[in-house]
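Here is the structure we will look at.
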Amino acid sequence: MKKVQLRLGSNSYDIDIGPGILKQSGRQLKESGFADRLVIITNPIVNNLYGDTIGRSLAAEGFTVTTLTIPDGEEQKSLEAAGRLYHELAECYAERTTPILALGGGVIGDLAGFVAATYLRGVPLIQVPTTLLAQVDSSIGGKVALDHDRLKNKIGAFYQPRLVISDIDTIKTLGDKQFTDGLAEVIKYGVIQDEGFFTYLENNLDRIKLLDTETLEEVVFRSAEIKAGVVEKDEKDLGLRAILNFGHTVGHAIESVSDFKVSHGEAVAIGMLAAARISRRMSILTQNELSRLEGLIKRAGLPTGLPDPGIEKLVSAMKQDKKVLKGKLRFVLPESLGKVFITDEVNLSLVEQALIG
Ligand code: NAD
Ligand code: GLY
């Protein structure tokens, strides 16, 4: 098992990463001193796959467990779903010391995290992410949120978990598309901070796609390390943390204009490449670096552009995004592979050209 320590003073926590570690989660929680009654929030798909494994491990260490399931899907990141969970938590007499364990992908993590942050003004949160995206991104860093008024993540908080348990084996039951989607965020980490990791991904992509355990463990570990490092420096997203949005200015616009038919990972892949093309046109990124990023995205099975980008709609969606500052589009651009910078000085015509290809 590998461990990343996210250091945030009294809000510090460990991120445990390894194959089969769900089976040891009971012992881990016991050793970490959590109260012996806890509530799991999950969905029926994940519960069918992993509910028994985690339930047995917790029972063996004397935990009393209540499992609350919510239906699958992004639409559950809602005040209505949170309200139902508050009600069920009260019905099972959850107290301030009762931990909530979020078992699932980013949707469960964000919803259960929001409920943990707000129920009784905050109960301990344990993240047990079961998708690649959740293991490398959403379970780390304490952003918890609900969607509201058709706007994603509109209501939320910074609420750090007490522990993250990432069992690599859970990635192996994901659908192909779900897995490939997570790879976009993995590639992002290489570009924003670590050329060595980018090269590692280039050299090991075949093993990653074959779901080789050791390689996946390394991928999740290095991604978690990079994200934790950024969060440690800027927990509340006041500066540096914005680099995690590399590819997301264009990406979010694509998701929104396509009415979420283009998935998040696909949109981020196209967005990362658009940002790289902008940087190339500004004579910052080299042609070789741009080609390497395009090559890795293609090999990962992610798209490099849109058949019909609908530039006007995309630009208008970008202008409505959270990342607009004082009316200017804010971009995270690669300076090289492994280093990015934030700018709001990107000429609109460059953005349009980058979207065309
Ligand atoms: P998801 O949670 O919807 O999971 C995707 C699908 O996979 C679901 O159908 C789920 O039931 C299923 N699933 C989960 N684990 C599985 C497993 N091991 N095997 C088989 N199926 C499994 O989607 P996601 O991509 O994990 O997360 C997306 C969400 O994360 C979005 O709501 C996004 O806003 C949020 N997010 C949050 C942050 C953050 O910092 N809080 C960062 C990135 C994304
Ligand atoms: N997913 C972006 C962040 O955590 O800041």
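If you're wondering about the labels, chains in the structure tokens are A, B, ... by order shown, residues count from 1 in each chain, ligands from 1 in order shown.
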Just the residues within 8 Å of A:Ser336, please, counting only C-alpha atoms, with nothing from its chain fewer than 2 positions along; format it as a ChimeraX atom specification. /A:191,284-286,289,334,338-340
For the residues selected in the previous step, produce a file with N, CA, C and O atoms as a compact mmCIF listing (two decimals), in the first residue's frame.
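Result file follows (result02.txt):
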# COMPACT_ATOMS: atom_id res chain seq x y z
N VAL A 191 0.88 17.42 -17.12
CA VAL A 191 1.13 18.69 -17.81
C VAL A 191 1.30 19.83 -16.80
O VAL A 191 2.17 20.68 -16.96
N ILE A 284 4.96 29.89 -27.05
CA ILE A 284 5.46 29.49 -25.72
C ILE A 284 5.74 27.98 -25.73
O ILE A 284 6.87 27.54 -25.52
N LEU A 285 4.72 27.19 -25.96
CA LEU A 285 4.90 25.73 -26.00
C LEU A 285 5.56 25.35 -27.33
O LEU A 285 5.25 25.95 -28.36
N THR A 286 6.44 24.37 -27.29
CA THR A 286 7.07 23.97 -28.56
C THR A 286 6.14 23.03 -29.34
O THR A 286 5.25 22.40 -28.75
N GLU A 289 6.25 19.54 -27.92
CA GLU A 289 5.46 19.34 -26.71
C GLU A 289 3.97 19.24 -27.05
O GLU A 289 3.25 18.39 -26.50
N PRO A 334 -0.15 25.81 -20.82
CA PRO A 334 1.14 25.15 -20.56
C PRO A 334 2.30 26.02 -21.06
O PRO A 334 2.27 26.51 -22.18
N GLY A 338 4.74 20.00 -17.83
CA GLY A 338 5.19 20.00 -16.44
C GLY A 338 5.11 21.37 -15.78
O GLY A 338 5.39 21.51 -14.59
N LYS A 339 4.71 22.39 -16.56
CA LYS A 339 4.63 23.74 -15.97
C LYS A 339 3.54 24.53 -16.68
O LYS A 339 3.48 24.56 -17.92
N VAL A 340 2.67 25.15 -15.89
CA VAL A 340 1.60 25.97 -16.49
C VAL A 340 1.61 27.37 -15.88
O VAL A 340 2.22 27.60 -14.84
Taking only residues of chain A that have an atom at most 8 Å from an atom of ligand 1, what is each one's shortest atom pair and its distance in Å to one decimal, using only C-alpha atoms and all ligand atoms, in chain and number order, as CSV?
residue,atom,partner,partner_atom_place_in_ligand_line,distance
A:Asn43,CA,ligand 1,11 (O),6.3
A:Pro44,CA,ligand 1,11 (O),7.5
A:Ile45,CA,ligand 1,11 (O),5.2
A:Val46,CA,ligand 1,16 (C),5.5
A:Leu49,CA,ligand 1,19 (N),7.1
A:Tyr50,CA,ligand 1,18 (N),7.9
A:Asp72,CA,ligand 1,11 (O),5.3
A:Gly73,CA,ligand 1,3 (O),5.3
A:Glu74,CA,ligand 1,32 (O),5.6
A:Lys77,CA,ligand 1,32 (O),7.1
A:Gly104,CA,ligand 1,14 (C),5.0
A:Gly105,CA,ligand 1,2 (O),3.3
A:Gly106,CA,ligand 1,27 (O),3.2
A:Val107,CA,ligand 1,2 (O),3.8
A:Ile108,CA,ligand 1,2 (O),5.7
A:Gly109,CA,ligand 1,41 (N),7.2
A:Asp110,CA,ligand 1,41 (N),5.5
A:Pro129,CA,ligand 1,15 (N),7.4
A:Thr130,CA,ligand 1,15 (N),4.3
A:Thr131,CA,ligand 1,15 (N),4.6
A:Leu132,CA,ligand 1,26 (O),6.9
A:Leu133,CA,ligand 1,26 (O),5.2
A:Ala134,CA,ligand 1,26 (O),4.9
A:Asp137,CA,ligand 1,42 (C),5.2
A:Ser138,CA,ligand 1,38 (C),3.6
A:Ser139,CA,ligand 1,41 (N),6.4
A:Ile140,CA,ligand 1,40 (O),6.7
A:Gly141,CA,ligand 1,40 (O),6.4
A:Gly142,CA,ligand 1,41 (N),6.7
A:Lys143,CA,ligand 1,41 (N),4.3
A:Val144,CA,ligand 1,41 (N),5.0
A:Ala145,CA,ligand 1,41 (N),6.7
A:Lys152,CA,ligand 1,34 (O),6.7
A:Asn153,CA,ligand 1,34 (O),6.4
A:Asp169,CA,ligand 1,18 (N),8.0
A:Thr170,CA,ligand 1,18 (N),4.2
A:Ile171,CA,ligand 1,18 (N),5.2
A:Lys172,CA,ligand 1,18 (N),6.8
A:Thr173,CA,ligand 1,19 (N),4.1
A:Leu174,CA,ligand 1,20 (C),3.9
A:Gly175,CA,ligand 1,20 (C),6.4
A:Gln178,CA,ligand 1,5 (C),6.3
A:Asp181,CA,ligand 1,25 (O),7.3
A:Gly182,CA,ligand 1,25 (O),6.9
A:His264,CA,ligand 1,25 (O),7.8
Would you please extract all helix (DSSP H, G or I) residues from stretch 165-255 of chain A, as assigned by DSSP on the backbone, and give them as a count of residues only? 74
Counting only C-alpha atoms and all ligand atoms, which residues of chain A sit at most 12 Å from some atom of ligand 2, and what is each one's closest atom pair with its distance in Å to one decimal, listed by chain and rising residue number, as CSV?
residue,atom,partner,partner_atom_place_in_ligand_line,distance
A:Gly106,CA,ligand 2,1 (N),10.3
A:Asp110,CA,ligand 2,1 (N),11.1
A:Leu133,CA,ligand 2,1 (N),9.8
A:Ala134,CA,ligand 2,1 (N),9.8
A:Gln135,CA,ligand 2,1 (N),11.6
A:Val136,CA,ligand 2,1 (N),9.5
A:Asp137,CA,ligand 2,1 (N),5.9
A:Ser138,CA,ligand 2,1 (N),6.1
A:Ser139,CA,ligand 2,4 (O),8.7
A:Ile140,CA,ligand 2,4 (O),7.1
A:Gly141,CA,ligand 2,4 (O),5.8
A:Gly142,CA,ligand 2,4 (O),7.4
A:Lys143,CA,ligand 2,4 (O),6.0
A:Val144,CA,ligand 2,4 (O),9.2
A:Ala145,CA,ligand 2,4 (O),11.1
A:Asn153,CA,ligand 2,1 (N),10.8
A:Ala157,CA,ligand 2,4 (O),11.5
A:Phe158,CA,ligand 2,4 (O),9.7
A:Tyr159,CA,ligand 2,4 (O),11.5
A:Gln160,CA,ligand 2,4 (O),11.2
A:Glu185,CA,ligand 2,1 (N),9.1
A:Val186,CA,ligand 2,1 (N),11.8
A:Lys188,CA,ligand 2,1 (N),11.0
A:Tyr189,CA,ligand 2,1 (N),11.2
A:Ala224,CA,ligand 2,4 (O),11.2
A:Ile226,CA,ligand 2,4 (O),11.4
A:Lys227,CA,ligand 2,4 (O),7.8
A:Ala228,CA,ligand 2,4 (O),9.5
A:Gly229,CA,ligand 2,4 (O),11.5
A:Val230,CA,ligand 2,5 (O),8.7
A:Val231,CA,ligand 2,5 (O),7.6
A:Glu232,CA,ligand 2,5 (O),11.3
A:Lys233,CA,ligand 2,5 (O),11.7
A:Asp234,CA,ligand 2,5 (O),9.2
A:Glu235,CA,ligand 2,5 (O),8.4
A:Lys236,CA,ligand 2,5 (O),8.6
A:Asp237,CA,ligand 2,5 (O),6.5
A:Leu238,CA,ligand 2,5 (O),10.1
A:Gly239,CA,ligand 2,5 (O),10.4
A:Leu240,CA,ligand 2,5 (O),9.4
A:Arg241,CA,ligand 2,5 (O),5.6
A:Ala242,CA,ligand 2,5 (O),6.6
A:Ile243,CA,ligand 2,5 (O),8.2
A:Leu244,CA,ligand 2,2 (C),5.3
A:Asn245,CA,ligand 2,2 (C),6.1
A:Phe246,CA,ligand 2,2 (C),9.4
A:Gly247,CA,ligand 2,2 (C),11.2
A:His248,CA,ligand 2,2 (C),9.4
A:His264,CA,ligand 2,1 (N),11.6
A:Val268,CA,ligand 2,1 (N),11.6
At a cut-off of 9 Å, using only C-alpha atoms, what residues contact A:Gly26? Leave out same-chain residues fewer than 6 positions from it and give the result as a ChimeraX atom specification. /A:54-63
How about saving the chosen residues, N, CA, C and O atoms kept, as a CSV table (one decimal), in the first residue's frame?
chain,number,residue,atom,x,y,z
A,54,ILE,N,-16.9,-4.1,2.3
A,54,ILE,CA,-16.6,-3.1,3.3
A,54,ILE,C,-17.4,-3.4,4.6
A,54,ILE,O,-16.9,-3.3,5.7
A,55,GLY,N,-18.6,-3.9,4.4
A,55,GLY,CA,-19.5,-4.2,5.5
A,55,GLY,C,-18.8,-5.3,6.4
A,55,GLY,O,-18.8,-5.1,7.6
A,56,ARG,N,-18.3,-6.3,5.7
A,56,ARG,CA,-17.7,-7.4,6.5
A,56,ARG,C,-16.5,-6.9,7.3
A,56,ARG,O,-16.2,-7.3,8.4
A,57,SER,N,-15.7,-6.1,6.6
A,57,SER,CA,-14.4,-5.6,7.2
A,57,SER,C,-14.8,-4.8,8.4
A,57,SER,O,-14.1,-4.8,9.5
A,58,LEU,N,-15.8,-3.9,8.3
A,58,LEU,CA,-16.2,-3.1,9.4
A,58,LEU,C,-16.8,-3.9,10.6
A,58,LEU,O,-16.5,-3.7,11.8
A,59,ALA,N,-17.6,-4.9,10.2
A,59,ALA,CA,-18.3,-5.7,11.3
A,59,ALA,C,-17.2,-6.5,12.0
A,59,ALA,O,-17.3,-6.6,13.3
A,60,ALA,N,-16.2,-7.0,11.3
A,60,ALA,CA,-15.1,-7.8,12.0
A,60,ALA,C,-14.4,-6.9,13.0
A,60,ALA,O,-13.8,-7.5,14.0
A,61,GLU,N,-14.4,-5.6,12.9
A,61,GLU,CA,-13.8,-4.8,13.9
A,61,GLU,C,-14.8,-4.2,14.9
A,61,GLU,O,-14.4,-3.2,15.6
A,62,GLY,N,-16.0,-4.7,14.9
A,62,GLY,CA,-17.0,-4.3,15.9
A,62,GLY,C,-17.8,-3.0,15.5
A,62,GLY,O,-18.5,-2.4,16.4
A,63,PHE,N,-17.7,-2.5,14.3
A,63,PHE,CA,-18.4,-1.3,13.9
A,63,PHE,C,-19.9,-1.7,13.6
A,63,PHE,O,-20.2,-2.8,13.1
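Distances here use only C-alpha atoms; by that measure, the residue among A:Thr42, A:Ser223, A:Asn48, A:Ser258 closest to A:Ile100 is A:Thr42.
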Selection near stretch 290-300 of chain A, 8 Å with only C-alpha atoms, sequence-local residues under 5 positions removed, as a count of residues only: 14
Need the shell around A:Pro99: protein/DNA/RNA residues with any atom at most 6 Å away, counting only C-alpha atoms. Skip same-chain ones fewer than 6 positions apart. Format as a ChimeraX atom specification? /A:38,123-125
Pick out the closest residue to A:Glu217 from this set: A:Val315, A:Met1, A:Leu120, A:Val164. Count only C-alpha atoms.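 For A:Glu217, the nearest of the candidates is A:Met1.
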